[in-house]
>>> print(open('run_2.csv').read())   # CSV, C-alpha atoms and all ligand atoms
chain,number,residue,atom,x,y,z
B,247,MET,CA,-128.3,-101.6,-1.3
B,248,ILE,CA,-130.4,-101.4,-4.4
B,249,ALA,CA,-128.8,-102.9,-7.4
B,250,ASP,CA,-128.5,-100.7,-10.5
B,251,VAL,CA,-131.1,-102.0,-13.0
B,252,ASP,CA,-131.1,-101.1,-16.6
B,253,VAL,CA,-133.5,-101.8,-19.5
B,254,ASP,CA,-133.1,-102.4,-23.2
B,255,ILE,CA,-134.0,-99.2,-25.0
B,256,VAL,CA,-135.6,-101.0,-28.0
B,257,ALA,CA,-137.9,-103.0,-25.7
B,258,PHE,CA,-138.7,-99.8,-23.6
B,259,LEU,CA,-139.7,-97.9,-26.8
B,260,HIS,CA,-141.8,-100.8,-27.9
B,261,ASP,CA,-143.6,-100.9,-24.6
B,262,GLU,CA,-144.3,-97.2,-24.8
B,263,GLY,CA,-146.1,-97.7,-28.1
B,264,PHE,CA,-143.4,-96.6,-30.6
B,265,LEU,CA,-144.3,-99.4,-33.0
B,266,GLY,CA,-143.8,-98.9,-36.8
B,267,PRO,CA,-141.1,-98.3,-39.3
B,268,ASP,CA,-140.0,-94.9,-38.2
B,269,ALA,CA,-141.4,-94.5,-34.7
B,270,PRO,CA,-138.5,-96.1,-32.7
B,271,GLU,CA,-136.0,-94.0,-34.4
B,272,ALA,CA,-138.0,-90.8,-33.8
B,273,ALA,CA,-138.4,-91.6,-30.2
B,274,ARG,CA,-134.7,-92.5,-29.7
B,275,ALA,CA,-133.8,-89.1,-31.3
B,276,VAL,CA,-135.8,-87.4,-28.6
B,277,LEU,CA,-134.0,-89.3,-25.8
B,278,GLU,CA,-130.7,-88.5,-27.3
B,279,ALA,CA,-131.6,-84.8,-27.7
B,280,GLU,CA,-132.6,-84.7,-24.0
B,281,GLY,CA,-129.4,-86.3,-22.9
B,282,LEU,CA,-131.1,-89.4,-21.6
B,283,THR,CA,-129.0,-91.7,-23.8
B,284,ARG,CA,-126.4,-91.3,-26.5
B,285,PRO,CA,-125.9,-92.8,-30.0
B,286,GLY,CA,-124.9,-96.5,-29.9
B,287,LYS,CA,-126.1,-97.1,-26.3
B,288,VAL,CA,-128.3,-100.2,-26.0
B,289,ARG,CA,-129.4,-100.0,-22.4
B,290,MET,CA,-130.7,-97.2,-20.2
B,291,ALA,CA,-130.8,-97.0,-16.4
B,292,GLU,CA,-134.2,-97.7,-14.9
B,293,ALA,CA,-133.9,-94.5,-12.9
B,294,LYS,CA,-134.1,-92.6,-16.1
B,295,LEU,CA,-137.3,-94.2,-17.4
B,296,GLU,CA,-139.6,-91.6,-15.8
B,297,ALA,CA,-137.7,-88.7,-17.4
B,298,ALA,CA,-137.7,-90.6,-20.7
B,299,ARG,CA,-141.5,-91.1,-20.7
B,300,LEU,CA,-141.9,-87.4,-19.9
B,301,ALA,CA,-139.6,-86.4,-22.8
B,302,LEU,CA,-141.5,-88.7,-25.2
B,303,THR,CA,-144.9,-87.4,-24.3
B,304,THR,CA,-143.7,-83.8,-24.2
B,305,PHE,CA,-142.2,-83.8,-27.7
B,306,LEU,CA,-144.0,-86.5,-29.6
B,307,LEU,CA,-147.6,-87.5,-30.3
B,308,ARG,CA,-148.3,-91.0,-31.5
B,309,ALA,CA,-151.1,-91.7,-34.1
B,310,CYS,CA,-151.6,-94.3,-36.8
B,311,ALA,CA,-151.9,-93.2,-40.5
B,312,GLY,CA,-155.7,-93.2,-40.3
B,313,CYS,CA,-155.8,-91.1,-37.2
B,314,ARG,CA,-153.3,-88.6,-38.4
B,315,THR,CA,-155.8,-85.8,-39.3
B,316,ARG,CA,-157.6,-86.3,-36.0
B,317,ALA,CA,-154.3,-86.2,-34.0
B,318,LEU,CA,-153.1,-82.9,-35.7
B,319,THR,CA,-155.8,-81.0,-33.8
B,320,ASP,CA,-154.2,-82.3,-30.5
B,321,ALA,CA,-150.6,-81.8,-31.6
B,322,ASP,CA,-150.0,-78.5,-29.8
B,323,GLY,CA,-146.4,-78.2,-31.0
B,324,ARG,CA,-145.6,-81.9,-30.6
B,325,THR,CA,-144.2,-83.8,-33.6
B,326,LEU,CA,-146.6,-86.4,-35.0
B,327,VAL,CA,-145.1,-89.9,-35.1
B,328,GLU,CA,-146.8,-92.5,-37.2
B,329,VAL,CA,-147.3,-95.8,-35.3
B,330,ALA,CA,-148.9,-99.1,-36.1
B,331,GLN,CA,-152.7,-99.2,-35.5
B,332,GLU,CA,-152.5,-101.4,-32.4
B,333,ALA,CA,-150.2,-98.8,-30.8
B,334,CYS,CA,-152.4,-95.8,-31.8
B,335,PRO,CA,-153.9,-94.1,-28.7
B,336,TYR,CA,-156.9,-92.8,-30.8
B,337,CYS,CA,-158.2,-96.0,-32.3
B,338,LYS,CA,-156.2,-98.8,-30.7
B,339,GLY,CA,-156.8,-100.6,-34.0
B,340,SER,CA,-160.5,-100.3,-33.9
B,341,ASP,CA,-162.4,-98.5,-36.7
B,342,ASN,CA,-165.3,-97.8,-34.4
B,343,ARG,CA,-163.1,-96.2,-31.8
B,344,ARG,CA,-161.5,-94.0,-34.5
B,345,ALA,CA,-164.8,-92.9,-36.0
B,346,VAL,CA,-166.2,-92.0,-32.5
B,347,SER,CA,-163.1,-90.1,-31.6
B,348,GLU,CA,-163.4,-88.1,-34.9
B,349,LEU,CA,-167.1,-87.5,-34.3
B,350,VAL,CA,-166.5,-86.2,-30.8
B,351,ALA,CA,-163.9,-83.8,-32.1
B,352,ALA,CA,-166.2,-82.6,-34.9
B,353,CYS,CA,-169.1,-82.1,-32.4
B,354,LYS,CA,-166.9,-80.1,-30.1
B,355,ALA,CA,-165.6,-78.0,-33.0
B,356,ARG,CA,-169.2,-77.2,-34.0
B,357,GLY,CA,-170.6,-76.7,-30.5
B,358,VAL,CA,-172.8,-79.8,-30.7
B,359,LYS,CA,-173.1,-81.0,-27.1
B,360,HIS,CA,-176.5,-82.8,-27.2
B,361,LEU,CA,-176.8,-85.7,-29.7
B,362,LEU,CA,-180.1,-87.4,-30.0
B,363,ILE,CA,-180.1,-90.9,-31.5
B,364,VAL,CA,-183.4,-92.3,-32.6
B,365,GLY,CA,-183.1,-96.0,-33.4
B,366,GLY,CA,-180.4,-98.5,-32.7
B,367,THR,CA,-180.3,-101.3,-30.2
B,368,ALA,CA,-179.4,-101.2,-26.5
B,369,THR,CA,-176.1,-103.0,-27.3
B,370,LEU,CA,-175.2,-100.4,-29.9
B,371,HIS,CA,-176.1,-97.6,-27.6
B,372,ALA,CA,-174.0,-99.0,-24.8
B,373,HIS,CA,-171.0,-99.4,-27.1
B,374,LEU,CA,-171.4,-95.9,-28.5
B,375,LEU,CA,-171.6,-94.4,-25.0
B,376,ASP,CA,-168.6,-96.3,-23.9
B,377,LEU,CA,-166.5,-95.1,-26.9
B,378,ILE,CA,-167.6,-91.5,-26.4
B,379,ARG,CA,-166.5,-91.7,-22.8
B,380,GLN,CA,-163.2,-93.2,-23.9
B,381,ALA,CA,-162.8,-90.4,-26.5
B,382,GLY,CA,-162.8,-87.9,-23.6
B,383,GLY,CA,-166.6,-87.2,-23.5
B,384,GLY,CA,-167.9,-83.7,-24.0
B,385,VAL,CA,-170.9,-84.9,-26.0
B,386,GLN,CA,-174.0,-86.0,-24.3
B,387,LEU,CA,-176.1,-88.8,-25.9
B,388,ARG,CA,-179.8,-89.3,-25.6
B,389,VAL,CA,-181.1,-92.4,-27.2
B,390,VAL,CA,-184.6,-93.6,-28.3
B,391,ASP,CA,-184.9,-97.3,-28.7
B,392,GLY,CA,-187.5,-97.3,-31.4
B,393,ALA,CA,-188.3,-101.0,-31.2
B,394,GLU,CA,-189.1,-101.1,-27.5
B,395,ALA,CA,-190.7,-98.1,-26.1
B,396,VAL,CA,-194.0,-96.4,-26.8
B,397,HIS,CA,-193.5,-92.9,-28.1
B,398,THR,CA,-195.8,-89.9,-27.9
B,399,ARG,CA,-195.5,-86.6,-29.6
B,400,ASN,CA,-194.8,-84.9,-26.3
B,401,GLU,CA,-191.8,-87.2,-25.7
B,402,ALA,CA,-190.5,-86.4,-29.2
B,403,THR,CA,-190.9,-82.7,-28.5
B,404,ALA,CA,-188.9,-82.9,-25.2
B,405,HIS,CA,-186.1,-84.8,-27.0
B,406,MET,CA,-186.1,-82.3,-29.9
B,407,GLN,CA,-186.0,-79.4,-27.6
B,408,TRP,CA,-182.9,-80.9,-25.9
B,409,ALA,CA,-181.1,-81.9,-29.0
B,410,HIS,CA,-178.5,-79.9,-30.9
B,411,VAL,CA,-178.4,-82.6,-33.6
B,412,ALA,CA,-181.0,-85.4,-34.1
B,413,VAL,CA,-179.9,-88.6,-35.8
B,414,ILE,CA,-182.5,-91.0,-37.2
B,415,TRP,CA,-180.7,-94.3,-37.4
B,416,GLY,CA,-182.9,-95.7,-40.2
B,417,SER,CA,-181.1,-99.0,-40.9
B,418,THR,CA,-181.9,-100.3,-37.4
B,419,PRO,CA,-185.2,-101.7,-36.1
B,420,LEU,CA,-187.1,-98.4,-36.1
B,421,PRO,CA,-190.9,-98.3,-37.0
B,422,HIS,CA,-191.9,-95.5,-39.4
B,423,LYS,CA,-194.4,-94.1,-36.9
B,424,VAL,CA,-191.5,-93.5,-34.5
B,425,SER,CA,-189.1,-92.0,-36.9
B,426,GLN,CA,-191.8,-89.8,-38.3
B,427,LEU,CA,-192.4,-88.3,-34.9
B,428,TYR,CA,-189.0,-86.8,-35.4
B,429,THR,CA,-188.5,-86.2,-39.1
B,430,GLN,CA,-191.9,-84.5,-39.4
B,431,HIS,CA,-191.6,-82.6,-36.1
B,432,PRO,CA,-191.9,-78.8,-36.4
B,433,LEU,CA,-188.5,-78.5,-34.6
B,434,ALA,CA,-186.8,-80.6,-37.4
B,435,ALA,CA,-186.7,-77.4,-39.3
B,436,LYS,CA,-184.5,-75.9,-36.6
B,437,VAL,CA,-182.6,-78.8,-35.1
B,438,LYS,CA,-180.3,-80.5,-37.7
B,439,THR,CA,-181.9,-83.8,-38.3
B,440,ILE,CA,-179.8,-86.4,-40.1
B,441,THR,CA,-181.1,-89.7,-41.4
B,442,VAL,CA,-178.3,-92.4,-41.3
B,443,THR,CA,-178.5,-95.3,-43.6
B,444,GLN,CA,-175.4,-97.2,-42.3
B,445,ARG,CA,-175.8,-99.9,-39.8
B,446,GLY,CA,-172.6,-99.9,-37.8
B,447,ILE,CA,-171.2,-97.4,-35.4
B,448,ALA,CA,-168.3,-96.3,-37.7
B,449,GLY,CA,-170.8,-95.7,-40.5
B,450,LEU,CA,-173.1,-93.7,-38.3
B,451,CYS,CA,-170.2,-91.5,-37.2
B,452,THR,CA,-169.0,-90.9,-40.7
B,453,GLN,CA,-172.5,-89.9,-42.0
B,454,VAL,CA,-173.2,-87.6,-39.0
B,455,MET,CA,-169.8,-86.0,-39.3
B,456,ARG,CA,-170.3,-85.2,-42.9
B,457,ALA,CA,-173.7,-83.7,-42.2
B,458,ILE,CA,-172.4,-81.6,-39.4
B,459,ALA,CA,-169.5,-80.3,-41.5
B,460,GLY,CA,-171.8,-79.6,-44.5
B,501,ZN,ZN,-155.5,-94.8,-35.0
>>> encode(input="run_2.csv", output="structure tokens", more="lines below")
Ligand SMILES: [Zn+2]
Amino acid sequence: MIADVDVDIVAFLHDEGFLGPDAPEAARAVLEAEGLTRPGKVRMAEAKLEAARLALTTFLLRACAGCRTRALTDADGRTLVEVAQEACPYCKGSDNRRAVSELVAACKARGVKHLLIVGGTATLHAHLLDLIRQAGGGVQLRVVDGAEAVHTRNEATAHMQWAHVAVIWGSTPLPHKVSQLYTQHPLAAKVKTITVTQRGIAGLCTQVMRAIAG
């Protein structure tokens, strides 16, 4: 015999990421509408949890206030529920994660699949790649570590031929002779070439996004 197990509904909704002033109530309303619980009930049978999770993800989409605009493009008929940043699937409380997620969406909307980054450190590149992957991918990154490698005009040409957008990350260790290979390259007239002055990943994403949209 398996004993009937039930769970506290408030705790269940908390675990499912419905954190915030209005989120638990909105989630509970869905469970009631789907007949999975009824008003006043405190606990729910464990056997219903799978159906409850399915109902929540079918009808609701969680996002923090900052990720609201980004989430609207994914809503697909679902109701947007504002949750606390740490429960937000887009940024998980991180400004960098949010910025990268927005940049990936903007690139996809504009058909930008190849992003060339000239400048930045290996650590920043690895972090950026990781965040792009977590944001669902769809944008390929090619990076040029300006401080380390030796660059020739031919290498710059190959990179510029590949790139849909070239980003010159000017605030990072990047010798002028390297950045000039790109900013003064004949293809810079055709390939959108953006000079970024911000140091961090979130700042880079914001500046690139603005330039792509403009
Ligand atoms: Zn968020």
>>> residues_near_ligand(input="run_2.csv", ligand="ligand ZN 501 (chain B)", cutoff="6 Å", atoms="all atoms listed in the file", output="NGL selection string")
:B and (309-310 or 312-313 or 331 or 334 or 336-338)
>>> residues_near_point(input="run_2.csv", point="(-138.9, -95.7, -35.4)", cutoff="10 Å", atoms="all atoms listed in the file", output="tab-separated table (two decimals) with C-alpha atoms, in the frame of the given file")
chain	number	residue	atom	x	y	z
B	256	VAL	CA	-135.60	-101.00	-28.00
B	259	LEU	CA	-139.70	-97.90	-26.80
B	260	HIS	CA	-141.80	-100.80	-27.90
B	264	PHE	CA	-143.40	-96.60	-30.60
B	265	LEU	CA	-144.30	-99.40	-33.00
B	266	GLY	CA	-143.80	-98.90	-36.80
B	267	PRO	CA	-141.10	-98.30	-39.30
B	268	ASP	CA	-140.00	-94.90	-38.20
B	269	ALA	CA	-141.40	-94.50	-34.70
B	270	PRO	CA	-138.50	-96.10	-32.70
B	271	GLU	CA	-136.00	-94.00	-34.40
B	272	ALA	CA	-138.00	-90.80	-33.80
B	273	ALA	CA	-138.40	-91.60	-30.20
B	274	ARG	CA	-134.70	-92.50	-29.70
B	275	ALA	CA	-133.80	-89.10	-31.30
B	327	VAL	CA	-145.10	-89.90	-35.10
B	328	GLU	CA	-146.80	-92.50	-37.20
B	329	VAL	CA	-147.30	-95.80	-35.30
>>> residues_near_point(input="run_2.csv", point="(-174.1, -83.7, -43.0)", cutoff="10 Å", atoms="all atoms listed in the file", output="PyMOL selection string")
chain B and resi 438-442+452-460
>>> closest_residue(input="run_2.csv", among="B:His397, B:His410, B:Arg343, B:Lys354", to="Ile378 in chain B", atoms="all atoms listed in the file")
B:Arg343
>>> atom_distance(input="run_2.csv", atom1="CA of Gly263 in chain B", atom2="CA of Cys451 in chain B")
26.5 Å
>>> closest_residue(input="run_2.csv", among="B:Ile414, B:Leu387, B:Ala345, B:Ala333", to="Val358 in chain B", atoms="only C-alpha atoms")
B:Leu387
>>> closest_residue(input="run_2.csv", among="B:Leu374, B:Arg399, B:Gly339, B:Gly366", to="Thr443 in chain B", atoms="all atoms listed in the file")
B:Gly366
>>> atom_distance(input="run_2.csv", atom1="CA of Lys436 in chain B", atom2="CA of His405 in chain B")
13.2 Å
>>> closest_residue(input="run_2.csv", among="B:Leu295, B:His373, B:Glu401, B:Arg344", to="Ala311 in chain B", atoms="all atoms listed in the file")
B:Arg344
>>> residues_around(input="run_2.csv", residues="Gln380 in chain B", least_positions_apart="3", cutoff="9 Å", atoms="only C-alpha atoms", output="PyMOL selection string")
chain B and resi 343+347+375-377+383
>>> atom_distance(input="run_2.csv", atom1="CA of Leu420 in chain B", atom2="CA of Cys353 in chain B")
24.6 Å
>>> residues_around(input="run_2.csv", residues="Asp391 in chain B", least_positions_apart="3", cutoff="9 Å", atoms="only C-alpha atoms", output="list in words")
Ile363, Val364, Gly365, Gly366, Thr367, Ala368, His371, Glu394, Ala395, Pro419 and Leu420 of chain B
>>> build_atoms(input="run_2.csv", residues="range 273-288 of chain B", atoms="N, CA, C and O atoms", output="short mmCIF file (atom, residue, chain, number, x, y, z; two decimals), in the coordinates of the input")
data_model
loop_
_atom_site.label_atom_id
_atom_site.label_comp_id
_atom_site.auth_asym_id
_atom_site.auth_seq_id
_atom_site.Cartn_x
_atom_site.Cartn_y
_atom_site.Cartn_z
N ALA B 273 -138.36 -91.68 -31.62
CA ALA B 273 -138.40 -91.60 -30.20
C ALA B 273 -136.97 -91.62 -29.60
O ALA B 273 -136.66 -90.87 -28.67
N ARG B 274 -136.13 -92.42 -30.19
CA ARG B 274 -134.70 -92.50 -29.70
C ARG B 274 -134.06 -91.11 -29.90
O ARG B 274 -133.29 -90.67 -29.04
N ALA B 275 -134.34 -90.45 -31.01
CA ALA B 275 -133.80 -89.10 -31.30
C ALA B 275 -134.12 -88.15 -30.16
O ALA B 275 -133.29 -87.32 -29.75
N VAL B 276 -135.35 -88.25 -29.66
CA VAL B 276 -135.80 -87.40 -28.60
C VAL B 276 -134.97 -87.68 -27.30
O VAL B 276 -134.49 -86.77 -26.61
N LEU B 277 -134.80 -88.96 -27.01
CA LEU B 277 -134.00 -89.30 -25.80
C LEU B 277 -132.60 -88.86 -25.89
O LEU B 277 -132.03 -88.40 -24.89
N GLU B 278 -132.04 -88.94 -27.10
CA GLU B 278 -130.70 -88.50 -27.30
C GLU B 278 -130.59 -86.95 -27.13
O GLU B 278 -129.69 -86.42 -26.47
N ALA B 279 -131.56 -86.26 -27.74
CA ALA B 279 -131.60 -84.80 -27.70
C ALA B 279 -131.72 -84.31 -26.25
O ALA B 279 -131.19 -83.26 -25.87
N GLU B 280 -132.42 -85.09 -25.43
CA GLU B 280 -132.60 -84.70 -24.00
C GLU B 280 -131.52 -85.22 -23.11
O GLU B 280 -131.61 -85.08 -21.88
N GLY B 281 -130.53 -85.85 -23.71
CA GLY B 281 -129.40 -86.30 -22.90
C GLY B 281 -129.69 -87.55 -22.08
O GLY B 281 -128.96 -87.84 -21.12
N LEU B 282 -130.75 -88.25 -22.41
CA LEU B 282 -131.10 -89.40 -21.60
C LEU B 282 -130.40 -90.69 -22.10
O LEU B 282 -130.33 -91.68 -21.40
N THR B 283 -129.88 -90.63 -23.31
CA THR B 283 -129.00 -91.70 -23.80
C THR B 283 -128.12 -91.04 -24.89
O THR B 283 -128.23 -89.84 -25.14
N ARG B 284 -127.24 -91.83 -25.46
CA ARG B 284 -126.40 -91.30 -26.50
C ARG B 284 -126.29 -92.32 -27.63
O ARG B 284 -126.58 -93.51 -27.40
N PRO B 285 -125.91 -91.89 -28.83
CA PRO B 285 -125.90 -92.80 -30.00
C PRO B 285 -125.08 -94.07 -29.64
O PRO B 285 -124.03 -94.00 -29.00
N GLY B 286 -125.60 -95.20 -30.05
CA GLY B 286 -124.90 -96.50 -29.90
C GLY B 286 -125.22 -97.18 -28.58
O GLY B 286 -124.98 -98.38 -28.45
N LYS B 287 -125.78 -96.45 -27.61
CA LYS B 287 -126.10 -97.10 -26.30
C LYS B 287 -127.31 -98.02 -26.48
O LYS B 287 -128.30 -97.64 -27.09
N VAL B 288 -127.21 -99.19 -25.89
CA VAL B 288 -128.30 -100.20 -26.00
C VAL B 288 -129.21 -100.18 -24.83
O VAL B 288 -130.41 -100.40 -24.93
#
